[in-house]
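Q: One file is attached below, model00.cif, containing mmCIF, C-alpha atoms and all ligand atoms.
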data_target
#
loop_
_atom_site.label_atom_id
_atom_site.label_comp_id
_atom_site.auth_asym_id
_atom_site.auth_seq_id
_atom_site.Cartn_x
_atom_site.Cartn_y
_atom_site.Cartn_z
CA GLY A 1 0.00 0.00 0.00
CA LYS A 2 0.82 3.66 -0.24
CA PRO A 3 2.13 5.27 2.98
CA ILE A 4 0.09 8.23 4.19
CA CYS A 5 1.98 11.11 5.79
CA GLU A 6 -0.80 13.66 5.88
CA CYS A 7 -4.59 13.38 5.49
CA ASN A 8 -6.38 15.99 3.41
CA ALA A 9 -8.58 18.48 5.27
CA CYS A 10 -11.71 16.30 5.01
CA PHE A 11 -10.32 13.15 6.65
CA LYS A 12 -8.54 12.27 9.89
CA GLY A 13 -7.32 9.25 11.87
CA PRO A 14 -4.34 6.93 11.29
CA ASP A 15 -5.70 5.69 7.94
CA CYS A 16 -7.30 9.00 6.96
CA ALA A 17 -10.59 7.10 6.89
CA GLU A 18 -12.60 9.26 9.31
CA PHE A 19 -14.65 11.95 7.59
CA VAL A 20 -14.51 15.51 8.95
CA PRO A 21 -17.88 17.19 8.41
CA ASP A 22 -17.80 20.91 7.43
CA CYS A 23 -14.26 20.58 6.12
CA VAL A 24 -12.93 22.84 3.37
CA VAL A 25 -12.81 21.16 -0.05
CA ASP A 26 -9.72 22.10 -2.06
CA ALA A 27 -10.61 22.57 -5.72
CA ASP A 28 -7.89 25.18 -6.14
CA SER A 29 -4.79 23.23 -6.99
CA GLY A 30 -4.18 21.75 -10.45
CA ASP A 31 -2.22 18.83 -8.99
CA PRO A 32 -3.03 15.93 -11.37
CA MET A 33 -3.44 13.17 -8.76
CA PHE A 34 -6.22 11.54 -10.81
CA LEU A 35 -3.51 9.44 -12.50
CA GLU A 36 -2.21 7.93 -9.26
CA PRO A 37 -4.32 4.70 -9.57
CA PHE A 38 -2.73 4.03 -12.98
CA TRP A 39 0.76 4.21 -11.46
CA LEU A 40 -0.23 2.12 -8.43
CA LYS A 41 -1.23 -0.56 -10.93
CA HIS A 42 2.12 -0.24 -12.71
CA ALA A 43 4.21 0.13 -9.55
CA ALA A 44 6.83 -2.52 -10.39
CA SER A 45 7.41 -1.74 -14.06
CA SER A 46 7.69 2.01 -13.40
CA ALA A 47 10.14 1.78 -10.46
CA VAL A 48 13.69 3.18 -10.75
CA VAL A 49 16.66 2.27 -8.57
CA VAL A 50 19.65 4.61 -8.61
CA PRO A 51 22.85 3.34 -7.00
CA GLY A 52 25.07 5.87 -5.22
CA TRP A 53 27.77 5.93 -7.90
CA HIS A 54 25.38 6.50 -10.74
CA ARG A 55 25.38 9.71 -12.79
CA MET A 56 27.39 11.82 -10.36
CA SER A 57 28.96 14.08 -12.94
CA TYR A 58 28.14 17.67 -13.96
CA GLU A 59 28.35 16.45 -17.55
CA PHE A 60 25.94 18.67 -19.41
CA SER A 61 22.66 16.92 -19.97
CA ASP A 62 22.39 17.79 -23.62
CA CYS A 63 25.39 15.63 -24.55
CA SER A 64 24.70 12.59 -22.40
CA LEU A 65 23.34 9.25 -23.56
CA ILE A 66 20.37 9.34 -21.23
CA SER A 67 19.17 12.64 -22.61
CA LYS A 68 19.58 11.30 -26.15
CA GLU A 69 17.41 8.33 -25.31
CA LEU A 70 14.92 10.48 -23.45
CA LYS A 71 14.64 12.81 -26.45
CA MET A 72 14.09 9.81 -28.71
CA HIS A 73 11.26 8.64 -26.45
CA ILE A 74 9.72 12.12 -26.41
CA ARG A 75 9.71 12.14 -30.24
CA LYS A 76 8.22 8.65 -30.25
CA LEU A 77 5.53 9.69 -27.81
CA HIS A 78 4.48 12.70 -29.92
CA ALA A 79 4.44 10.54 -33.05
CA THR A 80 2.31 7.91 -31.29
CA VAL A 81 -0.20 10.40 -29.89
CA GLY A 82 -0.10 12.61 -32.98
CA ASN A 83 -0.21 15.81 -30.92
CA ALA A 84 2.97 17.54 -32.12
CA ASN A 85 5.29 17.49 -35.09
CA THR A 86 8.85 17.05 -33.83
CA ASP A 87 10.51 16.98 -37.28
CA GLY A 88 13.47 19.31 -37.48
CA ARG A 89 12.84 20.54 -33.93
CA TYR A 90 15.41 20.90 -31.17
CA ILE A 91 14.37 19.55 -27.77
CA ILE A 92 15.31 21.18 -24.48
CA PHE A 93 14.47 20.04 -20.94
CA GLY A 94 13.44 22.24 -18.04
CA ALA A 95 12.46 22.00 -14.37
CA GLY A 96 8.80 21.75 -15.32
CA ALA A 97 7.09 23.89 -17.94
CA THR A 98 7.38 26.70 -15.37
CA GLN A 99 11.12 27.12 -15.98
CA LEU A 100 10.75 26.72 -19.75
CA LEU A 101 8.11 29.45 -19.98
CA ASN A 102 10.47 32.10 -18.70
CA ALA A 103 13.40 30.65 -20.66
CA ALA A 104 11.23 31.04 -23.77
CA VAL A 105 10.27 34.63 -22.91
CA HIS A 106 13.95 35.44 -22.35
CA SER A 107 15.01 33.81 -25.61
CA LEU A 108 12.36 35.43 -27.81
CA SER A 109 12.57 38.92 -26.34
CA SER A 110 14.43 41.86 -27.86
CA HIS A 111 17.97 42.11 -26.55
CA ASP A 112 19.22 45.02 -28.61
CA ASP A 113 16.99 47.94 -27.67
CA PRO A 114 16.26 48.50 -23.95
CA SER A 115 14.00 51.46 -24.80
CA SER A 116 11.56 49.09 -26.45
CA PRO A 117 11.05 45.92 -24.39
CA SER A 118 9.05 43.07 -25.95
CA ARG A 119 5.40 43.13 -24.99
CA ILE A 120 4.25 39.86 -23.39
CA VAL A 121 0.53 39.22 -23.91
CA ALA A 122 -2.02 36.45 -23.27
CA SER A 123 -5.73 35.99 -24.02
CA VAL A 124 -8.21 36.27 -21.13
CA PRO A 125 -8.79 34.03 -19.26
CA TYR A 126 -5.08 33.18 -19.04
CA TYR A 127 -2.88 31.04 -16.78
CA PRO A 128 -1.82 33.57 -14.06
CA VAL A 129 1.83 32.45 -14.02
CA TYR A 130 2.45 34.19 -17.39
CA ARG A 131 1.83 37.57 -15.76
CA GLU A 132 3.27 36.72 -12.35
CA GLN A 133 6.50 35.26 -13.72
CA THR A 134 7.08 38.00 -16.29
CA GLN A 135 6.65 40.66 -13.61
CA PHE A 136 8.69 38.77 -11.01
CA PHE A 137 11.77 38.35 -13.23
CA GLU A 138 11.65 42.07 -14.14
CA SER A 139 13.85 42.58 -17.17
CA ASN A 140 14.78 45.45 -19.48
CA ASN A 141 14.05 43.12 -22.37
CA TYR A 142 10.36 42.42 -21.78
CA LYS A 143 7.28 43.52 -19.88
CA PHE A 144 3.81 42.11 -19.32
CA SER A 145 1.37 44.10 -21.43
CA GLY A 146 -1.99 42.60 -20.59
CA GLU A 147 -4.53 40.89 -22.74
CA THR A 148 -3.91 40.05 -26.38
CA SER A 149 -7.22 41.43 -27.68
CA LYS A 150 -6.21 44.96 -26.60
CA TRP A 151 -3.41 44.88 -29.22
CA LYS A 152 -5.14 42.96 -32.01
CA ASP A 153 -5.93 45.93 -34.27
CA ASN A 154 -3.73 48.29 -32.41
CA MET A 155 -0.15 46.98 -32.44
CA ASP A 156 2.45 49.56 -31.62
CA SER A 157 4.89 49.74 -34.52
CA LEU A 158 8.00 50.10 -32.33
CA SER A 159 7.39 46.99 -30.25
CA ASN A 160 7.89 43.29 -30.63
CA TYR A 161 5.21 41.04 -29.21
CA ILE A 162 5.39 37.64 -27.55
CA GLU A 163 1.99 36.00 -27.38
CA PHE A 164 1.25 33.11 -25.03
CA VAL A 165 -1.16 30.64 -26.65
CA THR A 166 -2.48 27.97 -24.29
CA SER A 167 -4.25 25.09 -25.99
CA PRO A 168 -6.34 23.64 -24.53
CA ASN A 169 -6.61 26.67 -22.34
CA ASN A 170 -6.16 26.75 -18.59
CA PRO A 171 -8.78 27.53 -17.16
CA ASP A 172 -11.54 26.98 -19.74
CA GLY A 173 -10.30 24.01 -21.83
CA GLN A 174 -10.85 25.69 -25.22
CA LEU A 175 -8.49 24.87 -28.10
CA LYS A 176 -6.82 28.16 -29.05
CA LYS A 177 -4.95 29.71 -31.96
CA ALA A 178 -2.63 32.72 -31.98
CA VAL A 179 -4.46 36.05 -32.25
CA LEU A 180 -1.69 38.47 -33.27
CA GLN A 181 -0.11 38.28 -36.72
CA GLY A 182 2.92 39.81 -38.43
CA PRO A 183 6.72 39.96 -38.42
CA SER A 184 6.93 41.59 -34.98
CA VAL A 185 5.00 38.73 -33.31
CA LYS A 186 6.48 35.60 -31.76
CA THR A 187 4.45 32.93 -30.02
CA ILE A 188 4.93 30.53 -27.13
CA HIS A 189 2.51 27.63 -27.44
CA ASP A 190 1.90 26.22 -23.98
CA LEU A 191 0.55 22.74 -24.76
CA ALA A 192 0.65 21.39 -21.20
CA TYR A 193 -2.88 19.97 -21.58
CA PHE A 194 -2.70 18.89 -25.24
CA TRP A 195 -3.02 15.20 -24.36
CA PRO A 196 -5.95 12.81 -24.89
CA HIS A 197 -6.94 12.89 -21.20
CA PHE A 198 -8.08 16.49 -21.51
CA THR A 199 -9.01 17.16 -25.14
CA PRO A 200 -9.69 15.56 -28.49
CA ILE A 201 -6.50 15.86 -30.60
CA PRO A 202 -7.71 17.27 -33.95
CA ALA A 203 -4.23 17.36 -35.62
CA PRO A 204 -0.54 17.53 -34.64
CA ALA A 205 0.57 20.99 -33.46
CA ASP A 206 3.25 22.40 -35.73
CA GLU A 207 4.32 25.62 -34.03
CA ASP A 208 7.70 27.37 -33.69
CA LEU A 209 8.00 26.97 -29.92
CA MET A 210 5.89 24.41 -28.06
CA VAL A 211 6.09 23.66 -24.33
CA PHE A 212 4.99 20.38 -22.69
CA THR A 213 5.21 18.96 -19.18
CA ILE A 214 5.28 15.55 -17.55
CA SER A 215 3.06 17.04 -14.79
CA LYS A 216 -0.11 16.89 -16.89
CA LEU A 217 0.94 13.93 -19.05
CA THR A 218 1.67 11.27 -16.41
CA GLY A 219 0.71 13.24 -13.25
CA HIS A 220 4.32 13.45 -11.95
CA ALA A 221 4.18 17.13 -11.06
CA GLY A 222 6.68 16.58 -8.22
CA SER A 223 9.40 15.37 -10.63
CA ARG A 224 9.62 18.89 -12.12
CA PHE A 225 10.18 17.96 -15.74
CA GLY A 226 9.08 19.69 -18.91
CA TRP A 227 10.36 19.99 -22.45
CA ALA A 228 10.16 22.43 -25.33
CA LEU A 229 10.20 21.72 -29.07
CA ILE A 230 11.96 24.56 -30.87
CA LYS A 231 12.27 25.24 -34.58
CA ASN A 232 14.82 28.04 -34.62
CA GLU A 233 18.41 27.19 -33.72
CA ALA A 234 19.32 30.62 -32.30
CA VAL A 235 16.27 30.53 -30.00
CA TYR A 236 17.26 27.02 -28.89
CA GLN A 237 20.82 28.20 -28.12
CA ARG A 238 19.52 31.11 -26.04
CA MET A 239 17.27 28.73 -24.10
CA LEU A 240 20.20 26.37 -23.51
CA ALA A 241 22.27 29.28 -22.17
CA TYR A 242 19.41 30.20 -19.82
CA MET A 243 19.19 26.63 -18.50
CA SER A 244 22.93 26.45 -18.09
CA LEU A 245 23.11 29.66 -16.03
CA SER A 246 20.00 29.10 -13.93
CA THR A 247 20.27 25.42 -12.90
CA HIS A 248 22.88 23.83 -15.19
CA GLY A 249 20.18 21.55 -16.54
CA VAL A 250 17.57 19.20 -15.15
CA PRO A 251 18.66 16.69 -12.46
CA ARG A 252 19.82 13.47 -14.11
CA GLU A 253 17.80 11.43 -11.58
CA THR A 254 14.65 13.14 -12.83
CA GLN A 255 15.60 12.34 -16.42
CA LEU A 256 16.07 8.67 -15.51
CA ARG A 257 12.68 8.53 -13.83
CA VAL A 258 10.93 10.25 -16.71
CA LEU A 259 12.52 7.87 -19.21
CA LYS A 260 11.21 4.92 -17.20
CA LEU A 261 7.71 6.43 -17.02
CA LEU A 262 7.62 7.10 -20.77
CA LYS A 263 8.67 3.52 -21.49
CA VAL A 264 5.67 2.29 -19.47
CA VAL A 265 3.35 4.75 -21.23
CA LEU A 266 4.62 3.64 -24.64
CA GLU A 267 4.33 -0.10 -23.89
CA GLU A 268 0.73 -0.07 -25.03
CA LYS A 269 1.26 2.77 -27.51
CA GLY A 270 -0.19 4.98 -24.81
CA ARG A 271 -3.60 3.30 -25.08
CA GLU A 272 -3.87 2.17 -21.48
CA MET A 273 -2.85 5.42 -19.78
CA PHE A 274 -4.79 7.70 -22.13
CA GLU A 275 -7.91 5.54 -21.89
CA PHE A 276 -7.64 5.61 -18.11
CA GLY A 277 -7.07 9.39 -18.12
CA TYR A 278 -9.86 10.14 -20.58
CA GLU A 279 -12.40 7.95 -18.78
CA ALA A 280 -11.55 9.60 -15.44
CA MET A 281 -11.82 13.15 -16.80
CA ARG A 282 -14.86 12.38 -18.93
CA ASN A 283 -16.75 10.87 -15.97
CA ARG A 284 -15.98 13.82 -13.75
CA TRP A 285 -17.12 16.33 -16.38
CA LYS A 286 -20.31 14.34 -17.04
CA LYS A 287 -21.18 14.19 -13.34
CA LEU A 288 -20.53 17.87 -12.71
CA SER A 289 -22.39 18.93 -15.87
CA LYS A 290 -25.38 16.83 -14.88
CA ILE A 291 -25.61 18.40 -11.43
CA LEU A 292 -25.25 21.91 -12.82
CA SER A 293 -27.66 21.38 -15.73
CA ILE A 294 -30.62 22.14 -13.45
CA SER A 295 -28.95 25.15 -11.83
CA LYS A 296 -29.98 28.72 -12.55
CA ARG A 297 -27.28 30.08 -10.31
CA PHE A 298 -24.17 28.44 -11.81
CA SER A 299 -23.11 27.61 -15.35
CA LEU A 300 -20.15 25.83 -16.96
CA GLN A 301 -18.14 26.62 -20.09
CA ASP A 302 -19.44 25.18 -23.38
CA LEU A 303 -17.06 22.70 -24.96
CA GLU A 304 -17.47 21.11 -28.36
CA HIS A 305 -17.35 17.46 -29.31
CA GLN A 306 -14.54 17.02 -31.85
CA ASN A 307 -12.78 14.42 -33.93
CA CYS A 308 -9.80 12.92 -32.17
CA SER A 309 -7.06 11.59 -34.42
CA PHE A 310 -5.61 9.57 -31.53
CA SER A 311 -8.71 7.67 -30.47
CA LYS A 312 -10.22 7.84 -33.99
CA ILE A 313 -13.65 8.83 -32.68
CA PHE A 314 -15.77 11.96 -32.42
CA ARG A 315 -15.01 12.74 -28.80
CA ALA A 316 -16.93 14.32 -25.96
CA PRO A 317 -15.27 16.96 -23.73
CA SER A 318 -13.10 15.94 -20.75
CA PRO A 319 -11.47 19.16 -19.49
CA ALA A 320 -8.99 19.51 -16.63
CA PHE A 321 -10.92 22.42 -15.08
CA ALA A 322 -14.44 23.70 -14.73
CA TRP A 323 -14.69 27.42 -15.49
CA LEU A 324 -17.72 28.16 -13.38
CA LYS A 325 -19.80 31.29 -13.74
CA CYS A 326 -22.11 32.72 -11.09
CA GLU A 327 -25.09 33.91 -13.11
CA LYS A 328 -27.01 35.93 -10.53
CA GLU A 329 -26.57 39.69 -10.42
CA GLU A 330 -25.91 39.62 -6.66
CA ASP A 331 -23.24 36.85 -6.89
CA LYS A 332 -20.54 39.16 -8.24
CA ASN A 333 -17.77 37.33 -6.41
CA CYS A 334 -18.19 33.67 -7.26
CA PHE A 335 -15.12 32.63 -5.26
CA GLU A 336 -16.75 34.04 -2.08
CA VAL A 337 -20.08 32.38 -2.93
CA LEU A 338 -18.38 28.96 -3.06
CA LYS A 339 -16.21 29.71 -0.04
CA THR A 340 -19.26 30.14 2.16
CA SER A 341 -20.08 26.53 1.22
CA ASN A 342 -16.54 25.41 2.09
CA ILE A 343 -15.35 25.06 -1.50
CA ILE A 344 -12.08 26.75 -2.41
CA GLY A 345 -11.66 27.40 -6.13
CA ARG A 346 -9.32 29.84 -7.87
CA GLU A 347 -10.59 33.37 -8.36
CA GLY A 348 -11.50 34.46 -11.88
CA SER A 349 -9.74 37.80 -11.41
CA LEU A 350 -6.35 36.01 -11.26
CA PHE A 351 -6.95 34.86 -14.85
CA GLY A 352 -7.64 38.44 -15.96
CA ALA A 353 -11.40 37.68 -16.00
CA GLU A 354 -14.41 38.94 -14.01
CA SER A 355 -14.83 37.86 -10.39
CA ARG A 356 -18.07 36.25 -11.52
CA PHE A 357 -15.88 33.34 -12.66
CA VAL A 358 -14.04 30.77 -10.61
CA ARG A 359 -11.87 27.85 -11.67
CA LEU A 360 -12.53 24.44 -10.11
CA SER A 361 -9.88 21.78 -10.49
CA LEU A 362 -11.08 18.40 -11.78
CA VAL A 363 -7.68 16.69 -11.80
CA GLN A 364 -7.30 16.02 -8.08
CA SER A 365 -7.68 12.64 -6.35
CA GLN A 366 -11.02 10.82 -6.55
CA ASP A 367 -11.79 11.58 -2.86
CA ASP A 368 -11.32 15.31 -3.38
CA PHE A 369 -13.41 15.27 -6.54
CA ASP A 370 -16.24 13.31 -4.88
CA LEU A 371 -16.37 15.86 -2.06
CA LEU A 372 -16.46 18.73 -4.53
CA LEU A 373 -19.32 17.06 -6.36
CA GLN A 374 -21.26 16.53 -3.12
CA ARG A 375 -20.86 20.17 -2.10
CA MET A 376 -21.91 21.43 -5.54
CA GLU A 377 -24.94 19.17 -5.43
CA THR A 378 -25.93 20.56 -2.02
CA LEU A 379 -25.61 24.12 -3.37
CA VAL A 380 -27.84 23.32 -6.37
CA VAL A 381 -30.43 21.53 -4.20
CA LEU A 382 -30.58 24.53 -1.83
CA GLU A 383 -31.21 26.80 -4.83
CA GLU A 384 -34.48 25.03 -5.55
CA LYS A 385 -35.86 25.57 -2.07
N1 LIG B 401 1.29 25.71 -18.17
C1 LIG B 401 0.03 25.54 -17.78
C2 LIG B 401 -1.07 26.01 -18.67
C3 LIG B 401 -0.24 24.94 -16.54
O1 LIG B 401 -1.51 24.80 -16.14
C4 LIG B 401 0.83 24.51 -15.73
C5 LIG B 401 0.62 23.82 -14.39
N2 LIG B 401 -0.46 24.23 -13.65
C6 LIG B 401 2.13 24.73 -16.18
C7 LIG B 401 2.32 25.32 -17.41
C8 LIG B 401 3.32 24.40 -15.34
O2 LIG B 401 3.57 23.05 -15.25
P1 LIG B 401 4.86 22.42 -14.57
O3 LIG B 401 4.38 21.59 -13.44
O4 LIG B 401 5.49 21.60 -15.63
O5 LIG B 401 5.78 23.52 -14.15
#
If you took the structure in this file and wrote it as structure tokens, what would it be?
A:
Amino acid sequence: GKPICECNACFKGPDCAEFVPDCVVDADSGDPMFLEPFWLKHAASSAVVVPGWHRMSYEFSDCSLISKELKMHIRKLHATVGNANTDGRYIIFGAGATQLLNAAVHSLSSHDDPSSPSRIVASVPYYPVYREQTQFFESNNYKFSGETSKWKDNMDSLSNYIEFVTSPNNPDGQLKKAVLQGPSVKTIHDLAYFWPHFTPIPAPADEDLMVFTISKLTGHAGSRFGWALIKNEAVYQRMLAYMSLSTHGVPRETQLRVLKLLKVVLEEKGREMFEFGYEAMRNRWKKLSKILSISKRFSLQDLEHQNCSFSKIFRAPSPAFAWLKCEKEEDKNCFEVLKTSNIIGREGSLFGAESRFVRLSLVQSQDDFDLLLQRMETLVVLEEK
């Protein structure tokens, strides 16, 4: 069995089996624990043992055999799933997509003219880290310039633009395309959720700079591993320099573990894990949608059924998050509305959207999801009274 070091807020006792009434349900974090049962089933084949003498050296990861093999497996994975074209692309590793996002901003931004920093933009609702990170790392080369739509027909001729495109989008699960066009625009495609668990895959992505992460693919968020596929060699070199100066590359232990995980995923050409992931996400979305279908107070985002080239069927939605809207005039702050019922979501305002919206995570463990569902059901039942 799995050792338990801490119960979540809704359970107590030595086995975390005792329910705590009136507890606070955490639907805030995007920690993808829904995949844990898959890995419990594959515990032996996914295990790694690292003896003390193994891989001690600084030796730069890009030249080592393990990273060559890992890159080969990443290419194989994309080819198998059909979600990204890796032909002619360089691959770089990072400590999660988080590190790669800023490495990409750094590499694409203007270095020659400090009077005109690159404008970093994203479409609302956007993943808050784009703004937070860009502001935190404060650079003469770039600055966060708000939502993309503000610049669409109004680009300033002296500036370069870097547009974040998140597809499917966090928080609302929509498949997205770049909005800005022209020679002064570069894009970072954050494809963290472009896997069959969370979305139909209509066609392979074929963009200049694409970022992926093991966190949302296999659920191993704690391993801190992401990768980027990069078309342009100079951009790749600048990203390598960033990695070298910030952390001197991704821990080799992490690379070994990720290689082992990808081998297990690829054993069945990904079928087993993606079927497990899709069924889990699909069931959760179906259950939540059903409960909310009779509500006049809350609504969910609309998501289309689409053809999926991986599963070869016309597929129903299975998003990682619910983007919930409080419909009533008086419920202006949806986060507070849910909080009074002991549900903690993530405030819409953090995503650049109205406070009428709140994001609810659907990727947590089954226990956490079941509690969220119960609480939402209670809220909807109360509405009818
Ligand atoms: N991009 C998006 C859209 C995300 O939702 C997340 C994780 N919440 C990340 C990037 C960062 O992932 P990682 O764990 O690889 O740093």
Q: Using all atoms listed in the file, find each residue of chain A with at least one atom at most 10 Å away from an atom of ligand LIG 401 (chain B); report its shortest atom-to-atom pair and that distance in Å (one decimal), sort the rows by chain and rising residue number, and return the result as a tab-separated table.
A:
residue	atom	partner	partner_atom	distance
A:Ser29	CA	B:LIG401	N2	8.0
A:Gly30	CA	B:LIG401	N2	5.5
A:Asp31	CA	B:LIG401	N2	7.3
A:Pro32	CA	B:LIG401	N2	9.0
A:Gly94	CA	B:LIG401	O4	8.3
A:Ala95	CA	B:LIG401	O5	6.9
A:Gly96	CA	B:LIG401	O4	3.3
A:Ala97	CA	B:LIG401	O4	3.6
A:Thr98	CA	B:LIG401	O5	3.8
A:Gln99	CA	B:LIG401	O5	6.7
A:Leu100	CA	B:LIG401	O5	8.1
A:Leu101	CA	B:LIG401	C7	7.6
A:Tyr126	CA	B:LIG401	C2	8.2
A:Tyr127	CA	B:LIG401	C2	5.7
A:Pro128	CA	B:LIG401	C2	8.9
A:Val129	CA	B:LIG401	C7	7.9
A:Tyr130	CA	B:LIG401	N1	8.6
A:Phe164	CA	B:LIG401	C2	9.8
A:Val165	CA	B:LIG401	C2	9.2
A:Thr166	CA	B:LIG401	C2	6.1
A:Ser167	CA	B:LIG401	C2	8.0
A:Pro168	CA	B:LIG401	C2	8.2
A:Asn169	CA	B:LIG401	C2	6.7
A:Asn170	CA	B:LIG401	C2	5.1
A:Pro171	CA	B:LIG401	O1	7.8
A:Gly173	CA	B:LIG401	C2	10.0
A:His189	CA	B:LIG401	N1	9.5
A:Asp190	CA	B:LIG401	N1	5.9
A:Leu191	CA	B:LIG401	C2	7.1
A:Ala192	CA	B:LIG401	N1	5.3
A:Tyr193	CA	B:LIG401	C2	6.9
A:Phe194	CA	B:LIG401	C2	9.8
A:Val211	CA	B:LIG401	C7	8.1
A:Phe212	CA	B:LIG401	O4	7.2
A:Thr213	CA	B:LIG401	O4	4.4
A:Ile214	CA	B:LIG401	O4	6.4
A:Ser215	CA	B:LIG401	O3	4.9
A:Lys216	CA	B:LIG401	O3	7.4
A:Leu217	CA	B:LIG401	O4	9.6
A:Gly219	CA	B:LIG401	O3	9.1
A:His220	CA	B:LIG401	O3	8.3
A:Ala221	CA	B:LIG401	O3	5.1
A:Gly222	CA	B:LIG401	O3	7.6
A:Ser223	CA	B:LIG401	O3	8.5
A:Arg224	CA	B:LIG401	O3	6.0
A:Phe225	CA	B:LIG401	O4	5.9
A:Gly226	CA	B:LIG401	O4	5.2
A:Trp227	CA	B:LIG401	O4	8.5
A:Ala320	CA	B:LIG401	O1	9.2
A:Phe321	CA	B:LIG401	O1	9.8
Q: Please identify all polymer residues within 12 Å of stretch 149-163 of chain A, counting only C-alpha atoms, omitting same-chain residues fewer than 5 positions from it, and present them as a PyMOL selection string.
A: chain A and resi 101-102+104-126+130-131+134+141-144+176-190+209
Q: For stretch 12-32 of chain A versus stretch 340-348 of chain A, which residues have an atom no more than 9 Å away, and what is each residue's nearest atom pair and distance in Å rounded to one decimal, using only C-alpha atoms, chain-then-number order, as JSON lines?
A:
{"residue": "A:Asp22", "atom": "CA", "partner": "A:Asn342", "partner_atom": "CA", "distance": 7.1}
{"residue": "A:Cys23", "atom": "CA", "partner": "A:Asn342", "partner_atom": "CA", "distance": 6.7}
{"residue": "A:Val24", "atom": "CA", "partner": "A:Asn342", "partner_atom": "CA", "distance": 4.6}
{"residue": "A:Val25", "atom": "CA", "partner": "A:Ile343", "partner_atom": "CA", "distance": 4.9}
{"residue": "A:Asp26", "atom": "CA", "partner": "A:Ile344", "partner_atom": "CA", "distance": 5.2}
{"residue": "A:Ala27", "atom": "CA", "partner": "A:Gly345", "partner_atom": "CA", "distance": 5.0}
{"residue": "A:Asp28", "atom": "CA", "partner": "A:Gly345", "partner_atom": "CA", "distance": 4.4}
{"residue": "A:Ser29", "atom": "CA", "partner": "A:Arg346", "partner_atom": "CA", "distance": 8.1}
Q: Using only C-alpha atoms, can you tell me which of A:Lys286, A:Arg55, A:Lys68, A:Lys269 comes closest to A:Glu253?
A: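 Between A:Lys286, A:Arg55, A:Lys68, A:Lys269, the residue approaching A:Glu253 most closely is A:Arg55.
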Q: Closest to A:Met56 among A:Asp368, A:Arg252, A:Phe274, A:Leu362, using all atoms listed in the file?
A: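 Of all the options, A:Arg252 lies closest to A:Met56.
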Q: Can you tell me which residues surround A:Glu329 at a distance of at most 10 Å, considering all atoms listed in the file, apart from same-chain residues fewer than 3 positions away, and format the answer as an NGL selection string?
A: :A and (297 or 326 or 332-333 or 356)
Q: Hey, can I get the axis-aligned box for stretch 15-23 of chain A? All listed atoms, 4 Å padding on each side, centre and edge lengths in Å to one decimal, as lines of an AutoDock Vina configuration file.
A:
center_x = -11.8
center_y = 13.3
center_z = 7.7
size_x = 20.2
size_y = 23.2
size_z = 11.2
Q: Closest to A:Leu288 among A:Leu300, A:Ala43, A:Val50, A:Leu262, using only C-alpha atoms?
A: A:Leu300
Q: Smallest atom-to-atom distance to A:Asp206: which of A:Glu59, A:Thr86, A:Lys312, A:Gly13, using all atoms listed in the file?
A: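 Answer, going by the shortest atom-to-atom distance: A:Thr86.
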Q: List the spatial neighbours of A:Ala316 as JSON, numbers by chain - criterion: any atom at most 8 Å away, all atoms listed in the file, same-chain residues fewer than 5 positions off excluded.
A: {"A": [200, 282, 304, 305, 306]}
Q: Mind giving me the straight-line distance from atom CA of A:Gln255 to atom CA of A:Thr218 in Å, one decimal?
A: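 Those two atoms sit 14.0 Å apart.
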Q: If we count only C-alpha atoms, what is near A:Thr199 at a cut-off of 7 Å, once residues fewer than 2 positions away on the same chain are taken out, given as a list in words?
A: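 Those residues are Phe194, Trp195, Pro196, His197, Ile201, Pro317, Ser318 and Pro319 of chain A.
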Q: Hey, can you spit out that residue selection with C-alpha atoms as an mmCIF file, keeping the file's coordinate frame?
A:
data_model
loop_
_atom_site.group_PDB
_atom_site.id
_atom_site.type_symbol
_atom_site.label_atom_id
_atom_site.label_comp_id
_atom_site.auth_asym_id
_atom_site.auth_seq_id
_atom_site.Cartn_x
_atom_site.Cartn_y
_atom_site.Cartn_z
ATOM 1 C CA PHE A 194 -2.700 18.890 -25.240
ATOM 2 C CA TRP A 195 -3.020 15.200 -24.360
ATOM 3 C CA PRO A 196 -5.950 12.810 -24.890
ATOM 4 C CA HIS A 197 -6.940 12.890 -21.200
ATOM 5 C CA ILE A 201 -6.500 15.860 -30.600
ATOM 6 C CA PRO A 317 -15.270 16.960 -23.730
ATOM 7 C CA SER A 318 -13.100 15.940 -20.750
ATOM 8 C CA PRO A 319 -11.470 19.160 -19.490
#
Q: One decimal, Å: what's the distance from atom CA of A:Asn283 over to atom CA of A:Val358, could you say?
A: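 So the two atoms, atom CA of A:Asn283 and atom CA of A:Val358, lie 20.8 Å apart.
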Q: What is the distance, in Å and to one decimal place, between atom CA of A:Ser295 and atom CA of A:Leu371?
A: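 Taking atom CA of A:Ser295 and atom CA of A:Leu371, their separation equals 18.4 Å.
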Q: Under the rule that only C-alpha atoms are counted, which of A:Thr378, A:Ser289, A:Ser145, A:Asn8 is the nearest residue to A:Asp302?
A: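 The answer is A:Ser289, which sits nearest to A:Asp302.
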Q: In terms of the shortest atom-to-atom distance over only C-alpha atoms, which of A:Ala203, A:Ala9, A:Leu77, A:Cys16 is closest to A:Cys308?
A: A:Ala203
Q: Write out as a VMD selection string the residues lying within 6 Å of A:Asn83, counting all atoms listed in the file and excluding same-chain residues fewer than 2 positions away.
A: chain A and resid 78 81 204 to 205
Q: Produce a file of the selected residues containing C-alpha atoms, as a PDB file, in the coordinates of the input.
A:
ATOM      1  CA  HIS A  78       4.480  12.700 -29.920  1.00  0.00           C
ATOM      2  CA  VAL A  81      -0.200  10.400 -29.890  1.00  0.00           C
ATOM      3  CA  PRO A 204      -0.540  17.530 -34.640  1.00  0.00           C
ATOM      4  CA  ALA A 205       0.570  20.990 -33.460  1.00  0.00           C
TER       5      ALA A 205
END
